[in-house]
Amino acid sequence: MQKQTSQQKDREHWGPGMGFLLATLGSAVGIGNVWRFSYVAGENGGGAFLLVYVVMVLLVGVPLLLGEFALGRSTQREGAAAMEMLAPDSRWRRVGLLGVFVASMILAYYAVIAGWVLKYFSLYLGGSAREFAVAGFAGGFRSFIAQPVEPLVWQLAVMALTVAVVAGGIERGIEAVSKLLMPALGLLLLALAVHSATLPGFQRGLAFLFSPDWTALTQPKVYLAALGQAFFSMGLAMGVMITYGSYLPTKRRLPGAVLTIALGDTLFAVTAGLIIFPAVFSFGLNPAQGPALAFVVLPEVFSQMPGGAWVGAAFFALLAIAALTSAVSLLEVPVAFAMQRFGWSRPLASLGFGSLIFALGIPASLGYGPWAGLTTTGGRGILDLMDFITADILLPLNGLLIALFLGWIWPRRDAMAASDLDNSLSGRLWHVSLRYAVPLLVTLVLVSGVWGA
Ligand code: TRP
């Protein structure tokens, strides 16, 4: 048992039992697993992408996740303050600040997508999915997101819920909700995957997801996309996991939690792919159609199923909860920062940053409607561009800096003790990967990917 210092006693902590694991799983499993994984895999060659993705999770995601947890737990501070504590008067604090900035940017557009999820939930609940899709879900979805006001209202609802949970403290509400509903989402996902095996496009969907088109492996952008998705899906490189680790009161087996999260998060995404890709081919859709993929394909599946309206309502309700537990973790980064740094109260910090982040997300939403003309030369809209810059560029960049900090600045002996691995073979491997493998791989992927983009 670790001795509790007075600093630790004042700090909020996870409840006993599964609270920490469920909250971190809740942060990792979100619409990123369903919405982002499927469209990014669709755009990057399917099976080849999956292969590279799994390699990135194992080589980069797992060591970094363990490092973030260990750093948070041993300093009992959120990202920026944790780095400042170990390297006072240095520039490392800015790495934490970058995390605060990137978390806010990601939440800004994440809330837009989560708003779409809420809208779909209300459609199924109100029995109006059929009207919505008179011109098919592709048409219905496109005209919904093109409206100037309605998507903003749903986005506001998401932010209001997120603020309410974070303002109320994270343990009770979010822990209880995750415990009850994450298993339900998992089961429903599994049932839908079984159903997808009955679709005529199942073989092609399976082939798309599991048989790599090796030529895709020659494209640098596939590696960049896989790395960005691994960071995004595991919730890495922004201080979320440092902050969540800092609410750990005592010794807890960190390596087990890390493997559970990596495996659970990946299985979730792959199962979502097993539902989405067979349907894509069954309905003659294009797997590379971008962010709209899940919102068009899944409703088509539901509309062909007996009792599909109920399945749709249940699915989008659970997805909304998965989104909320992730959104909460994103808001927690600036909130924990403002509390520690400026001494703001939790409710003030939540409301202040929540409002700011809502405002930041408005352009992302309008980019599908009145501002649809604003695209890059590559055809990226505002949301797509925010997503690319934050997830594919800034997350790997910040992940690189965090790995360097963990591997080179944090004294080796302290880091290894904090990881629970100590001087075992896996402990030494972990430390070597933070020192050399992660920085090298991330730099390589980042440079070649940006070059080729
Ligand atoms: N992992 C979540 C998802 O897949 C989103 C998320 C939560 C996230 N925390 C994060 C993304 C931290 C990047 C960084 O939906």
# chains A, B, ... in the order shown; residues from 1 in each chain; ligands from 1
>>> residues_around(residues="Asp384 of chain A", least_positions_apart="2", cutoff="12 Å", atoms="only C-alpha atoms", output="PDB file with N, CA, C and O atoms, in the first residue's frame")
ATOM      1  N   ARG A  36     -15.352   6.928 -36.767  1.00  0.00           N
ATOM      2  CA  ARG A  36     -14.064   7.299 -37.353  1.00  0.00           C
ATOM      3  C   ARG A  36     -13.318   6.080 -37.901  1.00  0.00           C
ATOM      4  O   ARG A  36     -12.801   6.102 -39.002  1.00  0.00           O
ATOM      5  N   TYR A  39     -14.772   4.918 -41.341  1.00  0.00           N
ATOM      6  CA  TYR A  39     -14.529   5.727 -42.541  1.00  0.00           C
ATOM      7  C   TYR A  39     -13.036   5.842 -42.865  1.00  0.00           C
ATOM      8  O   TYR A  39     -12.651   5.851 -44.035  1.00  0.00           O
ATOM      9  N   VAL A  40     -12.200   5.886 -41.822  1.00  0.00           N
ATOM     10  CA  VAL A  40     -10.759   5.965 -42.102  1.00  0.00           C
ATOM     11  C   VAL A  40     -10.268   4.651 -42.713  1.00  0.00           C
ATOM     12  O   VAL A  40      -9.493   4.643 -43.670  1.00  0.00           O
ATOM     13  N   ILE A 106     -10.470  18.903 -30.459  1.00  0.00           N
ATOM     14  CA  ILE A 106     -11.102  17.624 -30.795  1.00  0.00           C
ATOM     15  C   ILE A 106     -12.534  17.594 -30.265  1.00  0.00           C
ATOM     16  O   ILE A 106     -13.462  17.227 -30.974  1.00  0.00           O
ATOM     17  N   TYR A 109     -15.250  19.423 -32.511  1.00  0.00           N
ATOM     18  CA  TYR A 109     -15.932  18.759 -33.632  1.00  0.00           C
ATOM     19  C   TYR A 109     -16.532  17.414 -33.220  1.00  0.00           C
ATOM     20  O   TYR A 109     -17.495  16.950 -33.818  1.00  0.00           O
ATOM     21  N   TYR A 110     -15.962  16.825 -32.163  1.00  0.00           N
ATOM     22  CA  TYR A 110     -16.529  15.565 -31.649  1.00  0.00           C
ATOM     23  C   TYR A 110     -17.988  15.788 -31.239  1.00  0.00           C
ATOM     24  O   TYR A 110     -18.854  14.941 -31.465  1.00  0.00           O
ATOM     25  N   VAL A 112     -20.047  17.836 -32.530  1.00  0.00           N
ATOM     26  CA  VAL A 112     -20.888  17.933 -33.724  1.00  0.00           C
ATOM     27  C   VAL A 112     -21.355  16.534 -34.135  1.00  0.00           C
ATOM     28  O   VAL A 112     -22.546  16.292 -34.356  1.00  0.00           O
ATOM     29  N   ILE A 113     -20.412  15.600 -34.191  1.00  0.00           N
ATOM     30  CA  ILE A 113     -20.747  14.224 -34.587  1.00  0.00           C
ATOM     31  C   ILE A 113     -21.666  13.590 -33.538  1.00  0.00           C
ATOM     32  O   ILE A 113     -22.643  12.917 -33.880  1.00  0.00           O
ATOM     33  N   GLY A 290     -16.069   8.787 -46.693  1.00  0.00           N
ATOM     34  CA  GLY A 290     -15.723   9.781 -45.671  1.00  0.00           C
ATOM     35  C   GLY A 290     -16.648   9.768 -44.466  1.00  0.00           C
ATOM     36  O   GLY A 290     -17.358   8.789 -44.228  1.00  0.00           O
ATOM     37  N   PRO A 291     -16.638  10.875 -43.696  1.00  0.00           N
ATOM     38  CA  PRO A 291     -17.283  10.915 -42.381  1.00  0.00           C
ATOM     39  C   PRO A 291     -18.764  10.517 -42.349  1.00  0.00           C
ATOM     40  O   PRO A 291     -19.276  10.187 -41.284  1.00  0.00           O
ATOM     41  N   ALA A 292     -19.475  10.547 -43.475  1.00  0.00           N
ATOM     42  CA  ALA A 292     -20.900  10.231 -43.445  1.00  0.00           C
ATOM     43  C   ALA A 292     -21.149   8.728 -43.343  1.00  0.00           C
ATOM     44  O   ALA A 292     -22.272   8.300 -43.048  1.00  0.00           O
ATOM     45  N   PRO A 363     -18.159  26.404 -36.527  1.00  0.00           N
ATOM     46  CA  PRO A 363     -17.728  26.335 -37.931  1.00  0.00           C
ATOM     47  C   PRO A 363     -17.714  24.907 -38.484  1.00  0.00           C
ATOM     48  O   PRO A 363     -18.035  24.691 -39.652  1.00  0.00           O
ATOM     49  N   ALA A 364     -17.342  23.930 -37.638  1.00  0.00           N
ATOM     50  CA  ALA A 364     -17.301  22.544 -38.116  1.00  0.00           C
ATOM     51  C   ALA A 364     -18.680  22.099 -38.576  1.00  0.00           C
ATOM     52  O   ALA A 364     -18.835  21.395 -39.576  1.00  0.00           O
ATOM     53  N   SER A 365     -19.704  22.520 -37.843  1.00  0.00           N
ATOM     54  CA  SER A 365     -21.067  22.150 -38.201  1.00  0.00           C
ATOM     55  C   SER A 365     -21.530  22.906 -39.448  1.00  0.00           C
ATOM     56  O   SER A 365     -22.082  22.324 -40.382  1.00  0.00           O
ATOM     57  N   GLY A 367     -19.843  23.947 -41.769  1.00  0.00           N
ATOM     58  CA  GLY A 367     -19.091  23.508 -42.937  1.00  0.00           C
ATOM     59  C   GLY A 367     -19.844  22.498 -43.792  1.00  0.00           C
ATOM     60  O   GLY A 367     -19.455  22.222 -44.921  1.00  0.00           O
ATOM     61  N   TYR A 368     -20.906  21.921 -43.224  1.00  0.00           N
ATOM     62  CA  TYR A 368     -21.725  21.010 -44.028  1.00  0.00           C
ATOM     63  C   TYR A 368     -22.944  21.711 -44.602  1.00  0.00           C
ATOM     64  O   TYR A 368     -23.715  21.120 -45.339  1.00  0.00           O
ATOM     65  N   ALA A 372     -20.359  25.301 -46.822  1.00  0.00           N
ATOM     66  CA  ALA A 372     -19.875  24.107 -47.507  1.00  0.00           C
ATOM     67  C   ALA A 372     -18.863  24.441 -48.596  1.00  0.00           C
ATOM     68  O   ALA A 372     -18.091  23.583 -49.027  1.00  0.00           O
ATOM     69  N   LEU A 374     -16.300  26.209 -48.313  1.00  0.00           N
ATOM     70  CA  LEU A 374     -14.936  26.327 -47.790  1.00  0.00           C
ATOM     71  C   LEU A 374     -14.285  24.958 -47.692  1.00  0.00           C
ATOM     72  O   LEU A 374     -14.504  24.227 -46.740  1.00  0.00           O
ATOM     73  N   THR A 375     -13.487  24.607 -48.673  1.00  0.00           N
ATOM     74  CA  THR A 375     -12.777  23.333 -48.607  1.00  0.00           C
ATOM     75  C   THR A 375     -11.328  23.551 -49.012  1.00  0.00           C
ATOM     76  O   THR A 375     -11.005  24.547 -49.650  1.00  0.00           O
ATOM     77  N   THR A 376     -10.477  22.601 -48.619  1.00  0.00           N
ATOM     78  CA  THR A 376      -9.089  22.677 -49.050  1.00  0.00           C
ATOM     79  C   THR A 376      -9.002  22.176 -50.482  1.00  0.00           C
ATOM     80  O   THR A 376      -9.981  21.652 -51.027  1.00  0.00           O
ATOM     81  N   GLY A 378      -7.605  19.608 -51.420  1.00  0.00           N
ATOM     82  CA  GLY A 378      -7.863  18.172 -51.401  1.00  0.00           C
ATOM     83  C   GLY A 378      -9.330  17.836 -51.175  1.00  0.00           C
ATOM     84  O   GLY A 378      -9.685  16.660 -51.054  1.00  0.00           O
ATOM     85  N   GLY A 379     -10.193  18.853 -51.061  1.00  0.00           N
ATOM     86  CA  GLY A 379     -11.613  18.602 -50.893  1.00  0.00           C
ATOM     87  C   GLY A 379     -12.044  18.378 -49.458  1.00  0.00           C
ATOM     88  O   GLY A 379     -13.147  17.921 -49.195  1.00  0.00           O
ATOM     89  N   ARG A 380     -11.176  18.685 -48.499  1.00  0.00           N
ATOM     90  CA  ARG A 380     -11.575  18.543 -47.096  1.00  0.00           C
ATOM     91  C   ARG A 380     -12.423  19.728 -46.667  1.00  0.00           C
ATOM     92  O   ARG A 380     -12.043  20.878 -46.881  1.00  0.00           O
ATOM     93  N   GLY A 381     -13.530  19.440 -45.995  1.00  0.00           N
ATOM     94  CA  GLY A 381     -14.344  20.496 -45.406  1.00  0.00           C
ATOM     95  C   GLY A 381     -13.754  20.905 -44.065  1.00  0.00           C
ATOM     96  O   GLY A 381     -12.693  20.420 -43.656  1.00  0.00           O
ATOM     97  N   ILE A 382     -14.478  21.794 -43.346  1.00  0.00           N
ATOM     98  CA  ILE A 382     -13.921  22.331 -42.101  1.00  0.00           C
ATOM     99  C   ILE A 382     -13.742  21.249 -41.043  1.00  0.00           C
ATOM    100  O   ILE A 382     -12.678  21.121 -40.441  1.00  0.00           O
ATOM    101  N   MET A 386     -10.253  19.973 -39.445  1.00  0.00           N
ATOM    102  CA  MET A 386      -9.961  20.027 -38.004  1.00  0.00           C
ATOM    103  C   MET A 386      -9.553  18.656 -37.507  1.00  0.00           C
ATOM    104  O   MET A 386      -8.626  18.501 -36.705  1.00  0.00           O
ATOM    105  N   ASP A 387     -10.252  17.638 -38.003  1.00  0.00           N
ATOM    106  CA  ASP A 387      -9.973  16.266 -37.605  1.00  0.00           C
ATOM    107  C   ASP A 387      -8.590  15.840 -38.079  1.00  0.00           C
ATOM    108  O   ASP A 387      -7.808  15.258 -37.329  1.00  0.00           O
ATOM    109  N   PHE A 388      -8.269  16.175 -39.326  1.00  0.00           N
ATOM    110  CA  PHE A 388      -6.974  15.781 -39.870  1.00  0.00           C
ATOM    111  C   PHE A 388      -5.838  16.467 -39.095  1.00  0.00           C
ATOM    112  O   PHE A 388      -4.880  15.825 -38.672  1.00  0.00           O
ATOM    113  N   ILE A 389      -5.969  17.764 -38.893  1.00  0.00           N
ATOM    114  CA  ILE A 389      -4.881  18.494 -38.234  1.00  0.00           C
ATOM    115  C   ILE A 389      -4.701  18.040 -36.785  1.00  0.00           C
ATOM    116  O   ILE A 389      -3.580  17.806 -36.335  1.00  0.00           O
ATOM    117  N   THR A 390      -5.805  17.893 -36.061  1.00  0.00           N
ATOM    118  CA  THR A 390      -5.656  17.512 -34.657  1.00  0.00           C
ATOM    119  C   THR A 390      -5.275  16.041 -34.526  1.00  0.00           C
ATOM    120  O   THR A 390      -4.282  15.714 -33.875  1.00  0.00           O
ATOM    121  N   ALA A 391      -6.048  15.153 -35.133  1.00  0.00           N
ATOM    122  CA  ALA A 391      -5.823  13.728 -34.884  1.00  0.00           C
ATOM    123  C   ALA A 391      -4.588  13.199 -35.607  1.00  0.00           C
ATOM    124  O   ALA A 391      -3.809  12.436 -35.035  1.00  0.00           O
ATOM    125  N   ASP A 392      -4.407  13.591 -36.856  1.00  0.00           N
ATOM    126  CA  ASP A 392      -3.314  12.983 -37.625  1.00  0.00           C
ATOM    127  C   ASP A 392      -1.989  13.722 -37.477  1.00  0.00           C
ATOM    128  O   ASP A 392      -0.933  13.152 -37.701  1.00  0.00           O
TER     129      ASP A 392
END
>>> closest_atom_pairs(of="chain A", to="ligand 1", cutoff="7 Å", atoms="only C-alpha atoms and all ligand atoms", output="JSON lines")
{"residue": "A:Ser27", "atom": "CA", "partner": "ligand 1", "partner_atom_place_in_ligand_line": "7 (C)", "distance": 4.7}
{"residue": "A:Ala28", "atom": "CA", "partner": "ligand 1", "partner_atom_place_in_ligand_line": "1 (N)", "distance": 3.7}
{"residue": "A:Val29", "atom": "CA", "partner": "ligand 1", "partner_atom_place_in_ligand_line": "4 (O)", "distance": 4.9}
{"residue": "A:Gly30", "atom": "CA", "partner": "ligand 1", "partner_atom_place_in_ligand_line": "15 (O)", "distance": 3.2}
{"residue": "A:Ile31", "atom": "CA", "partner": "ligand 1", "partner_atom_place_in_ligand_line": "15 (O)", "distance": 4.2}
{"residue": "A:Gly32", "atom": "CA", "partner": "ligand 1", "partner_atom_place_in_ligand_line": "4 (O)", "distance": 3.3}
{"residue": "A:Asn33", "atom": "CA", "partner": "ligand 1", "partner_atom_place_in_ligand_line": "4 (O)", "distance": 5.0}
{"residue": "A:Ala103", "atom": "CA", "partner": "ligand 1", "partner_atom_place_in_ligand_line": "14 (C)", "distance": 6.4}
{"residue": "A:Ile106", "atom": "CA", "partner": "ligand 1", "partner_atom_place_in_ligand_line": "13 (C)", "distance": 6.9}
{"residue": "A:Phe231", "atom": "CA", "partner": "ligand 1", "partner_atom_place_in_ligand_line": "13 (C)", "distance": 6.2}
{"residue": "A:Phe232", "atom": "CA", "partner": "ligand 1", "partner_atom_place_in_ligand_line": "13 (C)", "distance": 3.8}
{"residue": "A:Ser233", "atom": "CA", "partner": "ligand 1", "partner_atom_place_in_ligand_line": "4 (O)", "distance": 3.7}
{"residue": "A:Met234", "atom": "CA", "partner": "ligand 1", "partner_atom_place_in_ligand_line": "1 (N)", "distance": 5.0}
{"residue": "A:Gly235", "atom": "CA", "partner": "ligand 1", "partner_atom_place_in_ligand_line": "12 (C)", "distance": 3.3}
{"residue": "A:Leu236", "atom": "CA", "partner": "ligand 1", "partner_atom_place_in_ligand_line": "14 (C)", "distance": 5.0}
{"residue": "A:Ala237", "atom": "CA", "partner": "ligand 1", "partner_atom_place_in_ligand_line": "14 (C)", "distance": 6.4}
{"residue": "A:Met238", "atom": "CA", "partner": "ligand 1", "partner_atom_place_in_ligand_line": "14 (C)", "distance": 5.6}
{"residue": "A:Val240", "atom": "CA", "partner": "ligand 1", "partner_atom_place_in_ligand_line": "12 (C)", "distance": 5.8}
{"residue": "A:Ala323", "atom": "CA", "partner": "ligand 1", "partner_atom_place_in_ligand_line": "15 (O)", "distance": 6.2}
{"residue": "A:Ser326", "atom": "CA", "partner": "ligand 1", "partner_atom_place_in_ligand_line": "7 (C)", "distance": 4.2}
{"residue": "A:Ala327", "atom": "CA", "partner": "ligand 1", "partner_atom_place_in_ligand_line": "7 (C)", "distance": 6.2}
{"residue": "A:Ser329", "atom": "CA", "partner": "ligand 1", "partner_atom_place_in_ligand_line": "9 (N)", "distance": 5.5}
{"residue": "A:Leu330", "atom": "CA", "partner": "ligand 1", "partner_atom_place_in_ligand_line": "9 (N)", "distance": 5.1}
{"residue": "A:Ala391", "atom": "CA", "partner": "ligand 1", "partner_atom_place_in_ligand_line": "13 (C)", "distance": 6.9}
>>> closest_residue(among="A:Pro278, A:Pro370, A:Gly407, A:Gly284", to="Phe202 of chain A", atoms="only C-alpha atoms")
A:Pro278
>>> closest_residue(among="A:Ala23, A:Ile276, A:Val57, A:Ala81", to="Ala338 of chain A", atoms="only C-alpha atoms")
A:Ala81
>>> closest_atom_pairs(of="segment 14-120 of chain A", to="segment 301-320 of chain A", cutoff="7 Å", atoms="only C-alpha atoms", output="JSON lines")
{"residue": "A:Ile31", "atom": "CA", "partner": "A:Leu319", "partner_atom": "CA", "distance": 6.6}
{"residue": "A:Ala114", "atom": "CA", "partner": "A:Ala320", "partner_atom": "CA", "distance": 6.5}
{"residue": "A:Val117", "atom": "CA", "partner": "A:Ala320", "partner_atom": "CA", "distance": 6.0}
{"residue": "A:Leu118", "atom": "CA", "partner": "A:Ala320", "partner_atom": "CA", "distance": 6.2}
{"residue": "A:Tyr120", "atom": "CA", "partner": "A:Phe316", "partner_atom": "CA", "distance": 6.6}
>>> residues_around(residues="Gly45 of chain A", least_positions_apart="4", cutoff="8 Å", atoms="only C-alpha atoms", output="list in words")
Ala41, Phe49, Phe208, Pro212, Asp213, Ala216 and Val222 of chain A
>>> write_last_selection(atoms="all heavy atoms", output="PDB file, in the first residue's frame")
ATOM      1  N   ALA A  41     -10.762   3.523 -42.193  1.00  0.00           N
ATOM      2  CA  ALA A  41     -10.398   2.230 -42.787  1.00  0.00           C
ATOM      3  C   ALA A  41     -10.909   2.169 -44.231  1.00  0.00           C
ATOM      4  O   ALA A  41     -10.219   1.674 -45.129  1.00  0.00           O
ATOM      5  CB  ALA A  41     -10.978   1.079 -41.962  1.00  0.00           C
ATOM      6  N   PHE A  49      -5.096  -1.341 -43.912  1.00  0.00           N
ATOM      7  CA  PHE A  49      -5.181  -0.367 -42.839  1.00  0.00           C
ATOM      8  C   PHE A  49      -5.270  -1.066 -41.484  1.00  0.00           C
ATOM      9  O   PHE A  49      -4.580  -0.704 -40.528  1.00  0.00           O
ATOM     10  CB  PHE A  49      -6.406   0.535 -43.040  1.00  0.00           C
ATOM     11  CG  PHE A  49      -6.653   1.453 -41.879  1.00  0.00           C
ATOM     12  CD1 PHE A  49      -5.998   2.667 -41.787  1.00  0.00           C
ATOM     13  CD2 PHE A  49      -7.531   1.092 -40.860  1.00  0.00           C
ATOM     14  CE1 PHE A  49      -6.208   3.511 -40.711  1.00  0.00           C
ATOM     15  CE2 PHE A  49      -7.738   1.927 -39.763  1.00  0.00           C
ATOM     16  CZ  PHE A  49      -7.070   3.137 -39.692  1.00  0.00           C
ATOM     17  N   PHE A 208     -12.870  -7.196 -47.590  1.00  0.00           N
ATOM     18  CA  PHE A 208     -12.372  -5.820 -47.548  1.00  0.00           C
ATOM     19  C   PHE A 208     -11.646  -5.544 -46.237  1.00  0.00           C
ATOM     20  O   PHE A 208     -10.601  -4.905 -46.200  1.00  0.00           O
ATOM     21  CB  PHE A 208     -13.542  -4.848 -47.718  1.00  0.00           C
ATOM     22  CG  PHE A 208     -13.127  -3.404 -47.735  1.00  0.00           C
ATOM     23  CD1 PHE A 208     -12.495  -2.859 -48.844  1.00  0.00           C
ATOM     24  CD2 PHE A 208     -13.358  -2.592 -46.638  1.00  0.00           C
ATOM     25  CE1 PHE A 208     -12.107  -1.531 -48.855  1.00  0.00           C
ATOM     26  CE2 PHE A 208     -12.971  -1.256 -46.640  1.00  0.00           C
ATOM     27  CZ  PHE A 208     -12.342  -0.727 -47.758  1.00  0.00           C
ATOM     28  N   PRO A 212      -5.686  -7.973 -46.827  1.00  0.00           N
ATOM     29  CA  PRO A 212      -4.982  -6.749 -47.168  1.00  0.00           C
ATOM     30  C   PRO A 212      -4.677  -6.670 -48.655  1.00  0.00           C
ATOM     31  O   PRO A 212      -4.289  -7.652 -49.273  1.00  0.00           O
ATOM     32  CB  PRO A 212      -3.682  -6.845 -46.364  1.00  0.00           C
ATOM     33  CG  PRO A 212      -3.875  -7.936 -45.388  1.00  0.00           C
ATOM     34  CD  PRO A 212      -4.914  -8.838 -45.929  1.00  0.00           C
ATOM     35  N   ASP A 213      -4.900  -5.471 -49.178  1.00  0.00           N
ATOM     36  CA  ASP A 213      -4.439  -5.162 -50.517  1.00  0.00           C
ATOM     37  C   ASP A 213      -3.030  -4.608 -50.315  1.00  0.00           C
ATOM     38  O   ASP A 213      -2.847  -3.478 -49.897  1.00  0.00           O
ATOM     39  CB  ASP A 213      -5.400  -4.122 -51.111  1.00  0.00           C
ATOM     40  CG  ASP A 213      -4.789  -3.394 -52.288  1.00  0.00           C
ATOM     41  OD1 ASP A 213      -3.775  -3.884 -52.823  1.00  0.00           O
ATOM     42  OD2 ASP A 213      -5.321  -2.342 -52.665  1.00  0.00           O
ATOM     43  N   ALA A 216      -1.553  -1.098 -50.882  1.00  0.00           N
ATOM     44  CA  ALA A 216      -1.860   0.049 -50.016  1.00  0.00           C
ATOM     45  C   ALA A 216      -0.718   0.306 -49.037  1.00  0.00           C
ATOM     46  O   ALA A 216      -0.540   1.421 -48.547  1.00  0.00           O
ATOM     47  CB  ALA A 216      -3.166  -0.178 -49.262  1.00  0.00           C
ATOM     48  N   VAL A 222      -1.383   5.825 -45.489  1.00  0.00           N
ATOM     49  CA  VAL A 222      -2.032   4.746 -44.754  1.00  0.00           C
ATOM     50  C   VAL A 222      -1.435   4.622 -43.348  1.00  0.00           C
ATOM     51  O   VAL A 222      -2.150   4.444 -42.362  1.00  0.00           O
ATOM     52  CB  VAL A 222      -1.912   3.416 -45.519  1.00  0.00           C
ATOM     53  CG1 VAL A 222      -2.417   2.242 -44.693  1.00  0.00           C
ATOM     54  CG2 VAL A 222      -2.671   3.493 -46.836  1.00  0.00           C
TER      55      VAL A 222
END
>>> atom_distance(atom1="atom CA of Pro396 of chain A", atom2="atom CA of Leu189 of chain A")
29.3 Å
>>> residues_around(residues="Leu21 of chain A", least_positions_apart="6", cutoff="9 Å", atoms="only C-alpha atoms", output="ChimeraX atom specification")
/A:257-258,260-261
>>> write_last_selection(atoms="N, CA, C and O atoms", output="compact mmCIF listing (two decimals), in the first residue's frame")
# COMPACT_ATOMS: atom_id res chain seq x y z
N ALA A 257 -4.50 -3.23 -16.88
CA ALA A 257 -5.49 -2.26 -17.36
C ALA A 257 -5.16 -1.80 -18.77
O ALA A 257 -6.04 -1.69 -19.63
N VAL A 258 -3.87 -1.59 -19.03
CA VAL A 258 -3.46 -1.12 -20.35
C VAL A 258 -3.81 -2.14 -21.43
O VAL A 258 -4.37 -1.80 -22.47
N THR A 260 -6.07 -4.53 -21.26
CA THR A 260 -7.53 -4.63 -21.38
C THR A 260 -8.08 -3.52 -22.27
O THR A 260 -8.94 -3.74 -23.13
N ILE A 261 -7.58 -2.31 -22.04
CA ILE A 261 -8.08 -1.17 -22.82
C ILE A 261 -7.69 -1.31 -24.30
O ILE A 261 -8.51 -1.12 -25.19
>>> residues_around(residues="Phe268 of chain A", least_positions_apart="2", cutoff="8 Å", atoms="only C-alpha atoms", output="list in words")
Val29, Asn33, Val34, Gly186, Gly264, Asp265, Thr266, Val270, Thr271 and Ala272 of chain A
>>> write_last_selection(atoms="N, CA, C and O atoms", output="mmCIF file, in the first residue's frame")
data_model
loop_
_atom_site.group_PDB
_atom_site.id
_atom_site.type_symbol
_atom_site.label_atom_id
_atom_site.label_comp_id
_atom_site.auth_asym_id
_atom_site.auth_seq_id
_atom_site.Cartn_x
_atom_site.Cartn_y
_atom_site.Cartn_z
ATOM 1 N N VAL A 29 -13.433 3.986 -25.703
ATOM 2 C CA VAL A 29 -14.494 3.531 -26.605
ATOM 3 C C VAL A 29 -15.490 4.660 -26.820
ATOM 4 O O VAL A 29 -16.119 5.124 -25.886
ATOM 5 N N ASN A 33 -14.609 4.674 -32.470
ATOM 6 C CA ASN A 33 -14.541 3.252 -32.815
ATOM 7 C C ASN A 33 -15.523 2.883 -33.922
ATOM 8 O O ASN A 33 -15.301 1.942 -34.664
ATOM 9 N N VAL A 34 -16.634 3.576 -33.988
ATOM 10 C CA VAL A 34 -17.667 3.223 -34.952
ATOM 11 C C VAL A 34 -17.600 4.156 -36.161
ATOM 12 O O VAL A 34 -17.417 3.726 -37.293
ATOM 13 N N GLY A 186 -21.614 -3.310 -26.038
ATOM 14 C CA GLY A 186 -20.815 -4.413 -26.561
ATOM 15 C C GLY A 186 -21.687 -5.553 -27.065
ATOM 16 O O GLY A 186 -21.488 -6.073 -28.162
ATOM 17 N N GLY A 264 -9.798 -4.261 -25.736
ATOM 18 C CA GLY A 264 -11.222 -3.937 -25.782
ATOM 19 C C GLY A 264 -11.522 -2.885 -26.835
ATOM 20 O O GLY A 264 -12.463 -3.017 -27.619
ATOM 21 N N ASP A 265 -10.684 -1.871 -26.887
ATOM 22 C CA ASP A 265 -10.903 -0.784 -27.833
ATOM 23 C C ASP A 265 -10.778 -1.282 -29.274
ATOM 24 O O ASP A 265 -11.580 -0.938 -30.138
ATOM 25 N N THR A 266 -9.773 -2.128 -29.526
ATOM 26 C CA THR A 266 -9.572 -2.639 -30.881
ATOM 27 C C THR A 266 -10.708 -3.583 -31.290
ATOM 28 O O THR A 266 -11.223 -3.505 -32.408
ATOM 29 N N VAL A 270 -13.149 -3.287 -34.554
ATOM 30 C CA VAL A 270 -13.218 -4.336 -35.572
ATOM 31 C C VAL A 270 -14.650 -4.860 -35.701
ATOM 32 O O VAL A 270 -15.148 -5.093 -36.812
ATOM 33 N N THR A 271 -15.330 -5.017 -34.568
ATOM 34 C CA THR A 271 -16.717 -5.483 -34.625
ATOM 35 C C THR A 271 -17.597 -4.473 -35.356
ATOM 36 O O THR A 271 -18.451 -4.847 -36.166
ATOM 37 N N ALA A 272 -17.364 -3.188 -35.086
ATOM 38 C CA ALA A 272 -18.124 -2.168 -35.818
ATOM 39 C C ALA A 272 -17.849 -2.292 -37.318
ATOM 40 O O ALA A 272 -18.766 -2.169 -38.138
#
>>> atom_distance(atom1="atom CA of Ala87 of chain A", atom2="atom CA of Leu64 of chain A")
18.8 Å
>>> closest_residue(among="A:Tyr244, A:Pro255, A:Ile393, A:Thr24", to="Met416 of chain A", atoms="only C-alpha atoms")
A:Pro255
>>> residues_around(residues="segment 90-100 of chain A", least_positions_apart="2", cutoff="9 Å", atoms="only C-alpha atoms", output="ChimeraX atom specification")
/A:78-84,87-88,102-105,237-240,330,333-335,337,394-395,398,401-402,405
>>> residues_around(residues="Ser143 of chain A", least_positions_apart="6", cutoff="10 Å", atoms="only C-alpha atoms", output="count of residues only")
4
>>> closest_residue(among="A:Gly15, A:Gly115, A:Gly140, A:Pro411", to="Arg435 of chain A", atoms="only C-alpha atoms")
A:Pro411
